[in-house]
Structures are given as structure tokens and as C-alpha cells.
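J.: Got a structure for you, written out below as C-alpha cells; questions coming shortly.
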Amino acid sequence: MDYPDTPASRSRWIVERRSPKNPLDPSRPYAWLREKERAANGDLVDGLTIFLTNKECPWRCLMCDLWQNTLDETVPTGSITGQIDFALDQAERECGSFAKLRQVKLYNAGCYFDALAIPESDDAAIADRLAQFDRVIVESHPALVGDRCIQFDDRLAGRLEIA
């Protein structure tokens, strides 16, 4: 079969060839890690990466494997905030105080600003949880960077970056 020529048929074709997704709990991030990384100015700083559990990205790219750790449905309101709280608590328990952490990455295997992945109603609470960080990095497709992104940036104490 030739590669389909419409977006909808390509998505269907790609999904039909995938193995099953990993089982995930929408109330927990599927992973988190603490690491040293370069800050925007080049300094080596302590950072936290939280791998959020949420709905799959609407763009189904042929070579992407991030879909394996996603859900088929939107997470309930408050789930992402709860996942962040869980990761912050775990990082504090395992690594001692997270006060030294300067940056946080919210990886979500998709698009942070996709309302079907991360409910917009959670943005204020998420920004509150991230107040101690100088730098907040989120993943998002450029097509979804707009007013919501600007409003989220305005709520943060630190600098927002889009990956």
C-alpha cells in the first residue's frame, strides 16, 4: 500500500501499524528526573524534568515514538497539577530540598497548549506550582502557540521557553 495522501488517512495508517501504548495512570507523571543542564546563559544548573501523562499529540508523525506514553483521552481537570505536585514531592523526598532547582521541564509527549492534552483551566494552578523556578520549559507545536501561551507566561514568576 502506498503512503496515504490525506492527513486523516495518514493518521489512520500510522495508528494501525503501532503496538499498544504503555499503561499509564492519569493521576501520576510517567517519570521524572533531576539533572544538571545548561541554563539559557550557559551556566550548569540543577533542573527537574517531569514527564506528564496526558492525551496524545494531534499530529501523528511517522517517526515519532512519544505516543507510547500517552492516553487516548483528555485527563480530568486537576490531574496535571496533581502530577506536578507528585513529582515535586518525590524529588524533594529523594533528593532533599528542591529549593536549589532552577529550571523545570514539563515534557508531555505532545503539545502543552493543546486543550485536549492539558486543560486550560489548570494553567493558573500549574503556574503557582512552578513559582520557584527561574525557567519553565514546555513542549508545544508552533501552531498552538498563541494567546494561551502568552497568558501562561504572564502567570509565571520565571521565564517561559517552548521546545
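We label chains A, B, ... in the order they appear in the C-alpha cells, count residues from 1 in each chain, and number ligands from 1 in the order shown.
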Run DSSP on the backbone of this structure and report the residues of chain A it assigns to alpha helix (DSSP H), as number ranges by chain.
T.: A: 7-16, 79-95, 123-129, 147-155
J.: Kindly export the residues of the current selection with C-alpha atoms, as a PDB file, in the first residue's frame.
T.:
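For reference, result_32.pdb as written:
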ATOM      1  CA  PRO A   7      -3.897  13.903   6.817  1.00  0.00           C
ATOM      2  CA  ALA A   8      -6.777  11.812   8.185  1.00  0.00           C
ATOM      3  CA  SER A   9      -5.850   8.723   6.169  1.00  0.00           C
ATOM      4  CA  ARG A  10      -2.161   9.134   7.125  1.00  0.00           C
ATOM      5  CA  SER A  11      -3.073   9.290  10.813  1.00  0.00           C
ATOM      6  CA  ARG A  12      -5.226   6.171  10.486  1.00  0.00           C
ATOM      7  CA  TRP A  13      -2.462   4.363   8.560  1.00  0.00           C
ATOM      8  CA  ILE A  14       0.150   5.237  11.208  1.00  0.00           C
ATOM      9  CA  VAL A  15      -2.050   4.267  14.185  1.00  0.00           C
ATOM     10  CA  GLU A  16      -2.985   0.928  12.574  1.00  0.00           C
ATOM     11  CA  SER A  79      -4.708  15.846  37.008  1.00  0.00           C
ATOM     12  CA  ILE A  80      -1.717  17.729  35.597  1.00  0.00           C
ATOM     13  CA  THR A  81      -1.439  19.863  38.733  1.00  0.00           C
ATOM     14  CA  GLY A  82      -1.565  16.668  40.790  1.00  0.00           C
ATOM     15  CA  GLN A  83       1.133  15.085  38.641  1.00  0.00           C
ATOM     16  CA  ILE A  84       3.385  18.115  39.166  1.00  0.00           C
ATOM     17  CA  ASP A  85       2.734  18.022  42.933  1.00  0.00           C
ATOM     18  CA  PHE A  86       3.609  14.313  42.967  1.00  0.00           C
ATOM     19  CA  ALA A  87       6.890  14.846  41.079  1.00  0.00           C
ATOM     20  CA  LEU A  88       7.887  17.825  43.249  1.00  0.00           C
ATOM     21  CA  ASP A  89       7.165  15.787  46.382  1.00  0.00           C
ATOM     22  CA  GLN A  90       9.111  12.771  45.086  1.00  0.00           C
ATOM     23  CA  ALA A  91      12.060  14.949  44.065  1.00  0.00           C
ATOM     24  CA  GLU A  92      12.119  16.564  47.500  1.00  0.00           C
ATOM     25  CA  ARG A  93      11.976  13.180  49.286  1.00  0.00           C
ATOM     26  CA  GLU A  94      14.600  11.548  47.108  1.00  0.00           C
ATOM     27  CA  CYS A  95      16.964  14.452  46.540  1.00  0.00           C
ATOM     28  CA  ASP A 123      -2.884  26.817  33.866  1.00  0.00           C
ATOM     29  CA  ALA A 124      -3.161  29.120  36.912  1.00  0.00           C
ATOM     30  CA  ALA A 125      -2.640  26.273  39.394  1.00  0.00           C
ATOM     31  CA  ILE A 126       0.260  24.903  37.338  1.00  0.00           C
ATOM     32  CA  ALA A 127       1.905  28.335  37.234  1.00  0.00           C
ATOM     33  CA  ASP A 128       1.533  28.576  41.028  1.00  0.00           C
ATOM     34  CA  ARG A 129       3.300  25.212  41.440  1.00  0.00           C
ATOM     35  CA  ASP A 147      -2.939  33.739  23.445  1.00  0.00           C
ATOM     36  CA  ARG A 148      -2.953  30.869  25.936  1.00  0.00           C
ATOM     37  CA  CYS A 149       0.840  30.737  25.778  1.00  0.00           C
ATOM     38  CA  ILE A 150       1.129  34.473  26.445  1.00  0.00           C
ATOM     39  CA  GLN A 151      -1.316  34.260  29.354  1.00  0.00           C
ATOM     40  CA  PHE A 152       0.568  31.290  30.842  1.00  0.00           C
ATOM     41  CA  ASP A 153       3.852  33.168  30.517  1.00  0.00           C
ATOM     42  CA  ASP A 154       2.310  36.163  32.308  1.00  0.00           C
ATOM     43  CA  ARG A 155       1.347  33.886  35.237  1.00  0.00           C
TER      44      ARG A 155
END
J.: From the set A:Asp46, A:Asp114, A:Asp72, A:Glu35, which residue has the shortest atom-to-atom contact distance to Lys100 of chain A, counting only C-alpha atoms?
T.: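 Smallest separation from Lys100 of chain A among the options: A:Asp46.
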J.: Work out how far atom CA of Tyr112 of chain A is from atom CA of Pro23 of chain A, in Å to one decimal.
T.: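 Result for atom CA of Pro23 of chain A versus atom CA of Tyr112 of chain A: 20.7 Å, one decimal.
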J.: Considering only strand (DSSP E) as DSSP defines it on the backbone, what residues of chain A qualify? List them as a count of residues only.
T.: 29
J.: For atom CA of Ala31 of chain A and atom CA of Gly110 of chain A, determine how far apart the two atoms are, in Å to one decimal place.
T.: 15.1 Å
J.: Which residues are close to Ala109 of chain A, i.e. within 8 Å by only C-alpha atoms, leaving aside same-chain residues fewer than 3 positions away? Reply as a list in words.
T.: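 Residues meeting the cut-off are Phe51, Leu52, Glu56, Cys57, Leu66, Trp67, Asn69, Thr70 and Glu139 of chain A.
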J.: Can you tell me how far atom CA of Ile137 of chain A sits from atom CA of Lys55 of chain A, in Å to one decimal?
T.: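 The value is 18.6 Å.
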